[in-house]
Each structure stands twice: as structure tokens, then as C-alpha cells.
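One structure is given below, encoded as C-alpha cells.
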Amino acid sequence: MRTDIKRVAVIGAGTIGASWAAYFLSRGLAVSASDPSPGAPDLLRRMIADAWPILMQLGGKPDADPTAWTFDADPAKAAAGCDFVQESAPERLEIKQDLLARIDGALPADVVIASSTSGLLASRLSERCAHPERVVIGHPFNPPHLIPLVEVVGGAKGSPEAVQAAMQFYRAIGKHPIEIRKEVPGHLANRLQAAIWREAVHLVAEGVATVADVDAAISEGPGLRWALMGPHTTFHLAGGEGGIEHFLHHLMPAVTSWWKDLGEPDIDAVVQRMLVEGVAEATGGATTTDLARRRDAALVRLLSARRGEEA
């Protein structure tokens, strides 16, 4: 599989695709973008301009060119001549299958096609492709130009060479790719998020706590540790000098008793209303734009702090 990547096709240039495009450009790559929306080029231009100062602060190449992108509404034409493809079309199997088949037909077999899908299976996405072995999942976390994580899944049809080529590419441009070794709906991180949110909804529905207090229980507690290390390492430290072995021997009975009591909420109209009203109260009426701006600014400070500590 091709590993000398200089030009990337960004197929699907909505919020996720535009974020990807900005990131690729900041790493010195050329971008060929495509999207059926007439407003896509303007969105791309705005997203790149807005993200550029942050991307330069977070390790972008000093000589990177934010204008090194082209646009073609035809995805096959946009993909032609590219060394890597990042597809970010709507999360609908039929749309992605048709789109990937068109892209597949426009490229030599050594070009990896990565899908940003948040939950679909790679083996289903590539069913109409002549070269399914080069189709993998390259799932970012929103916003892709800030969050380092990329989940790479080859699935039942993706070749080990394609998976390793994708891992090498993402790592080379400063991402933190992880390989998901078995296809499961939602991949890995979304399943972990879903498990936590399911219990969060259950606790609100049962009147245990408000939406605001449930959110604070994460953001002001374990979420701060999770920004530094994952659950296994966190519990390794919770075991004291004995580490995870001590934790498993002495604290697991309590943890397993909590597991047995976890809920499976019914998201009916009443619970939905509780969540909508609870979020409105918790956010104090702030718009999603304002909240995203605050989140991204905090992410930049956190990522900058981590980069300084690693150096």
C-alpha cells in the first residue's frame, strides 16, 4: 500500500470533512475536496481560516499552505491522483457504499480509502468495491483537527497492509491511531461513551441526580483523570503500591456489585423531556456555538499543556 502521502482526498466536506481538510493542510499536505452541497467550498474556506491559528499553535508546519486545496463536486474526479482518501459522507450505509465504489473505481489499488464512519462496519462499506482490501475505517473524534484519536479498523476484508499503511499515515501527521482488531458496531471509543451515557441517562430518569450534577460527576471528577490516562491505568493507580493486582483482589467485589445494578433506561417521551430541560438548565441557555467555542479553547489549553509536559 502507498505510504508516501502528499495529496489527500477529503470526500464529504461537511463539519467533519472540513475539519480533516484543515488538519491535513496544516501538516503540509495538499487536499482535494468534494461534496455535493453548493455551500461546501465556503464552509471549507471558513473552517480552515478559523482553525488555522490553533493548528499552527498545536504543531502545524510553519510553511504549511492553507490555500493548498482544490474542490470538485464529483468525488471520483476529486479522488483521482490522490495518495490517500478520507471519506466523511453522511452516516448512511447505502450512501457510503455507492460513494466508496465510485472512489474505488477511480484509484489504483495501492491507495488506502479510509472512512470516518462512527459506527458502520468496514466489511459492509466495501461490499461494492473491486478492491475491498484497501478500505478501512479511520474514525476521528470530533473535532478532528483537535482530538488526536483515530480508530483504525480493517475488518473482515481490509488487508493488514492497508491497516498498517493507515496507522503509519495518521501517526506521521501527529495523530494517535489505535487498531481495533475486531469489527464491532460503534468501534471502541463510541461504545465506551455509550456505556457511560446509558448509565447517566438511567440516573437522571430514576431521579438520582440532575443532568447538571451527572455531568459534573464526570467533568469535575474522573473525566479529569481520563484526560491523562485510561480506565485500566487509572485503576492501576487506585490499587496503590500493589497496583492493578491489588485492585482486582480487594476492590472488584464492590465494582461487580455496581455492575449488577446498572440500568437500562427506556428513552421514552418523558425521559427525553427530562434530558432536554436538564441540558438547557445545565448550560444556562448558552448556544451550541458558544459551548463548542469554550470546549475547543479548553481543548487547546489542555493539548498544549500535554505537549509541554511530554517535551
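Following the order of the C-alpha cells, chains are lettered A, B, ..., residues in each are numbered from 1, and ligands are numbered from 1.
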Give the alpha helix (DSSP H) residues of stretch 115-249 of chain A, as assigned by DSSP on the backbone, as a count of residues only. 63
With stretch 46-51 of chain A as the partner and 12 Å as the cut-off, tabulate the residues of stretch 121-201 of chain A that qualify, each row holding the nearest pair of atoms and their distance in Å to one decimal, using only C-alpha atoms, sorted by chain and rising number, as a tab-separated table.
residue	atom	partner	partner_atom	distance
A:Pro143	CA	A:Ala51	CA	10.4
A:Pro144	CA	A:Ala51	CA	10.9
A:His145	CA	A:Ala51	CA	7.7
A:Leu146	CA	A:Ala51	CA	9.1
Save out the residues we just selected, N, CA, C and O atoms, as a tab-separated table (two decimals), in the first residue's frame.
chain	number	residue	atom	x	y	z
A	143	PRO	N	-13.76	17.58	17.52
A	143	PRO	CA	-13.41	17.95	16.15
A	143	PRO	C	-12.09	17.31	15.71
A	143	PRO	O	-11.11	17.35	16.47
A	144	PRO	N	-12.05	16.73	14.51
A	144	PRO	CA	-10.85	16.01	14.06
A	144	PRO	C	-9.57	16.84	14.04
A	144	PRO	O	-8.49	16.29	14.19
A	145	HIS	N	-9.69	18.15	13.85
A	145	HIS	CA	-8.46	18.95	13.78
A	145	HIS	C	-7.85	19.19	15.17
A	145	HIS	O	-6.72	19.67	15.26
A	146	LEU	N	-8.59	18.81	16.24
A	146	LEU	CA	-8.06	18.97	17.59
A	146	LEU	C	-7.82	17.65	18.31
A	146	LEU	O	-6.78	17.47	18.96
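Using only C-alpha atoms, the shortest contact distance between A:Gln193 and any of A:Gln97, A:Ser118, A:Ser159, A:Thr283 is found at A:Ser118.
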Counting only C-alpha atoms, give me one row per residue of stretch 128-221 of chain A with an atom at most 10 Å from an atom of stretch 87-92 of chain A, showing the shortest contact pair and its distance in Å to one decimal, sorted by chain then residue number, as a Markdown table.
| residue | atom | partner | partner_atom | distance |
| --- | --- | --- | --- | --- |
| A:Ile137 | CA | A:Glu87 | CA | 9.3 |
| A:Gly138 | CA | A:Glu87 | CA | 8.7 |
| A:His139 | CA | A:Ser88 | CA | 9.2 |
| A:Pro140 | CA | A:Ser88 | CA | 10.0 |
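All residues within stretch 37-207 of chain A that the backbone DSSP calculation assigns to strand (DSSP E) are Trp69, Thr70, Phe71, Phe84, Val85, Gln86, Glu87, Val112, Ile113, Ala114, Ser115, Val135, Val136, Ile137, Gly138, His139, Pro140, Leu149, Val150, Glu151, Val152, Val153, His176, Pro177, Ile178, Glu179 and Ile180 of chain A.
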Take the residues from that selection and put them in a file with N, CA, C and O atoms, as a short mmCIF file (atom, residue, chain, number, x, y, z; two decimals), in the first residue's frame.
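Dumped everything to selection33.cif:
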data_model
loop_
_atom_site.label_atom_id
_atom_site.label_comp_id
_atom_site.auth_asym_id
_atom_site.auth_seq_id
_atom_site.Cartn_x
_atom_site.Cartn_y
_atom_site.Cartn_z
N TRP A 69 -5.62 23.67 -1.49
CA TRP A 69 -6.72 22.73 -1.69
C TRP A 69 -7.50 23.09 -2.94
O TRP A 69 -7.55 24.25 -3.36
N THR A 70 -8.06 22.08 -3.53
CA THR A 70 -8.92 22.23 -4.69
C THR A 70 -10.26 21.58 -4.39
O THR A 70 -10.40 20.83 -3.40
N PHE A 71 -11.24 21.86 -5.21
CA PHE A 71 -12.59 21.32 -4.97
C PHE A 71 -13.19 20.84 -6.28
O PHE A 71 -13.06 21.48 -7.32
N PHE A 84 -4.13 9.17 -0.69
CA PHE A 84 -4.89 8.66 0.46
C PHE A 84 -6.27 9.30 0.39
O PHE A 84 -6.40 10.46 -0.04
N VAL A 85 -7.30 8.57 0.83
CA VAL A 85 -8.66 9.10 0.81
C VAL A 85 -9.24 9.07 2.21
O VAL A 85 -9.15 8.04 2.90
N GLN A 86 -9.82 10.19 2.64
CA GLN A 86 -10.55 10.26 3.90
C GLN A 86 -12.00 10.58 3.56
O GLN A 86 -12.32 11.70 3.18
N GLU A 87 -12.87 9.58 3.67
CA GLU A 87 -14.29 9.76 3.33
C GLU A 87 -15.08 10.12 4.57
O GLU A 87 -14.96 9.46 5.60
N VAL A 112 -5.02 3.69 -0.06
CA VAL A 112 -5.94 3.36 1.03
C VAL A 112 -7.14 4.30 1.00
O VAL A 112 -6.99 5.52 0.81
N ILE A 113 -8.32 3.73 1.20
CA ILE A 113 -9.54 4.51 1.36
C ILE A 113 -10.00 4.33 2.80
O ILE A 113 -10.32 3.22 3.23
N ALA A 114 -10.01 5.41 3.56
CA ALA A 114 -10.40 5.36 4.98
C ALA A 114 -11.73 6.08 5.17
O ALA A 114 -11.92 7.18 4.64
N SER A 115 -12.63 5.47 5.91
CA SER A 115 -13.94 6.07 6.18
C SER A 115 -13.98 6.62 7.60
O SER A 115 -13.51 5.98 8.54
N VAL A 135 -9.98 -0.83 1.82
CA VAL A 135 -10.95 0.01 2.53
C VAL A 135 -10.87 -0.26 4.03
O VAL A 135 -11.01 -1.41 4.47
N VAL A 136 -10.62 0.78 4.82
CA VAL A 136 -10.52 0.64 6.27
C VAL A 136 -11.36 1.74 6.92
O VAL A 136 -11.80 2.68 6.26
N ILE A 137 -11.57 1.61 8.21
CA ILE A 137 -12.16 2.69 9.00
C ILE A 137 -11.02 3.56 9.51
O ILE A 137 -10.02 3.06 10.02
N GLY A 138 -11.20 4.88 9.40
CA GLY A 138 -10.28 5.84 10.01
C GLY A 138 -11.13 6.84 10.77
O GLY A 138 -11.32 7.96 10.33
N HIS A 139 -11.70 6.38 11.90
CA HIS A 139 -12.70 7.17 12.62
C HIS A 139 -12.05 8.18 13.56
O HIS A 139 -11.38 7.81 14.52
N PRO A 140 -12.26 9.48 13.30
CA PRO A 140 -11.72 10.51 14.18
C PRO A 140 -12.70 10.82 15.29
O PRO A 140 -13.83 10.34 15.30
N LEU A 149 -7.13 11.22 18.69
CA LEU A 149 -7.50 9.82 18.47
C LEU A 149 -8.05 9.55 17.07
O LEU A 149 -8.89 10.30 16.57
N VAL A 150 -7.58 8.46 16.45
CA VAL A 150 -8.18 7.91 15.23
C VAL A 150 -8.27 6.41 15.40
O VAL A 150 -7.26 5.74 15.68
N GLU A 151 -9.48 5.87 15.27
CA GLU A 151 -9.68 4.41 15.37
C GLU A 151 -9.56 3.81 13.98
O GLU A 151 -10.28 4.19 13.06
N VAL A 152 -8.66 2.85 13.83
CA VAL A 152 -8.42 2.20 12.54
C VAL A 152 -8.93 0.76 12.62
O VAL A 152 -8.53 0.00 13.51
N VAL A 153 -9.82 0.42 11.67
CA VAL A 153 -10.40 -0.92 11.64
C VAL A 153 -10.30 -1.47 10.24
O VAL A 153 -10.76 -0.84 9.27
N HIS A 176 -3.02 10.07 16.98
CA HIS A 176 -2.77 8.90 17.83
C HIS A 176 -3.70 7.79 17.36
O HIS A 176 -4.80 7.63 17.90
N PRO A 177 -3.26 7.01 16.35
CA PRO A 177 -4.13 5.94 15.86
C PRO A 177 -4.08 4.72 16.77
O PRO A 177 -3.04 4.41 17.37
N ILE A 178 -5.23 4.05 16.91
CA ILE A 178 -5.28 2.77 17.61
C ILE A 178 -5.93 1.76 16.67
O ILE A 178 -6.82 2.11 15.89
N GLU A 179 -5.48 0.53 16.72
CA GLU A 179 -6.04 -0.51 15.85
C GLU A 179 -7.13 -1.29 16.58
O GLU A 179 -6.89 -1.84 17.66
N ILE A 180 -8.31 -1.31 16.00
CA ILE A 180 -9.41 -2.12 16.52
C ILE A 180 -9.34 -3.46 15.80
O ILE A 180 -9.53 -3.53 14.58
#
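Counting only C-alpha atoms, stretch 231-235 of chain A has the following residues at most 8 Å away, ignoring those fewer than 4 positions along the same chain: Arg225, Trp226, Gly239, Gly243, Ile244 and Phe247 of chain A.
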Could you take the residues named above and write them with all heavy atoms, as a short mmCIF file (atom, residue, chain, number, x, y, z; two decimals), in the first residue's frame?
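Dumped to again.cif:
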data_model
loop_
_atom_site.label_atom_id
_atom_site.label_comp_id
_atom_site.auth_asym_id
_atom_site.auth_seq_id
_atom_site.Cartn_x
_atom_site.Cartn_y
_atom_site.Cartn_z
N ARG A 225 -9.09 12.84 35.21
CA ARG A 225 -8.07 11.79 35.15
C ARG A 225 -8.04 11.13 33.78
O ARG A 225 -6.97 10.79 33.26
CB ARG A 225 -8.33 10.73 36.23
CG ARG A 225 -8.26 11.28 37.64
CD ARG A 225 -8.36 10.19 38.69
NE ARG A 225 -9.53 9.35 38.57
CZ ARG A 225 -10.06 8.65 39.57
NH1 ARG A 225 -9.52 8.72 40.77
NH2 ARG A 225 -11.12 7.90 39.37
N TRP A 226 -9.24 10.96 33.17
CA TRP A 226 -9.31 10.32 31.86
C TRP A 226 -8.63 11.14 30.78
O TRP A 226 -8.27 10.60 29.73
CB TRP A 226 -10.76 10.05 31.49
CG TRP A 226 -11.43 9.04 32.37
CD1 TRP A 226 -10.83 8.10 33.16
CD2 TRP A 226 -12.84 8.85 32.54
NE1 TRP A 226 -11.77 7.35 33.82
CE2 TRP A 226 -13.02 7.79 33.46
CE3 TRP A 226 -13.97 9.48 32.02
CZ2 TRP A 226 -14.27 7.34 33.85
CZ3 TRP A 226 -15.23 9.04 32.41
CH2 TRP A 226 -15.38 7.98 33.31
N GLY A 239 -5.04 1.05 42.98
CA GLY A 239 -4.61 -0.09 43.79
C GLY A 239 -3.42 0.22 44.68
O GLY A 239 -2.94 -0.68 45.39
N GLY A 243 -0.87 -1.84 42.88
CA GLY A 243 -1.32 -1.65 41.51
C GLY A 243 -2.60 -2.39 41.18
O GLY A 243 -3.45 -2.67 42.03
N ILE A 244 -2.75 -2.75 39.92
CA ILE A 244 -3.98 -3.36 39.42
C ILE A 244 -4.24 -4.71 40.08
O ILE A 244 -5.39 -5.10 40.30
CB ILE A 244 -3.95 -3.50 37.88
CG1 ILE A 244 -5.31 -3.91 37.33
CG2 ILE A 244 -2.87 -4.46 37.44
CD1 ILE A 244 -6.38 -2.85 37.45
N PHE A 247 -5.92 -4.00 43.27
CA PHE A 247 -7.27 -3.51 42.98
C PHE A 247 -8.21 -4.67 42.65
O PHE A 247 -9.33 -4.74 43.16
CB PHE A 247 -7.21 -2.53 41.80
CG PHE A 247 -8.54 -1.92 41.45
CD1 PHE A 247 -8.96 -0.74 42.05
CD2 PHE A 247 -9.39 -2.52 40.54
CE1 PHE A 247 -10.19 -0.18 41.74
CE2 PHE A 247 -10.62 -1.98 40.22
CZ PHE A 247 -11.03 -0.80 40.82
#
Top pick for closest residue to A:Ala156, considering A:Lys96, A:Arg294, A:Arg124, A:Arg27 and counting only C-alpha atoms: A:Arg124
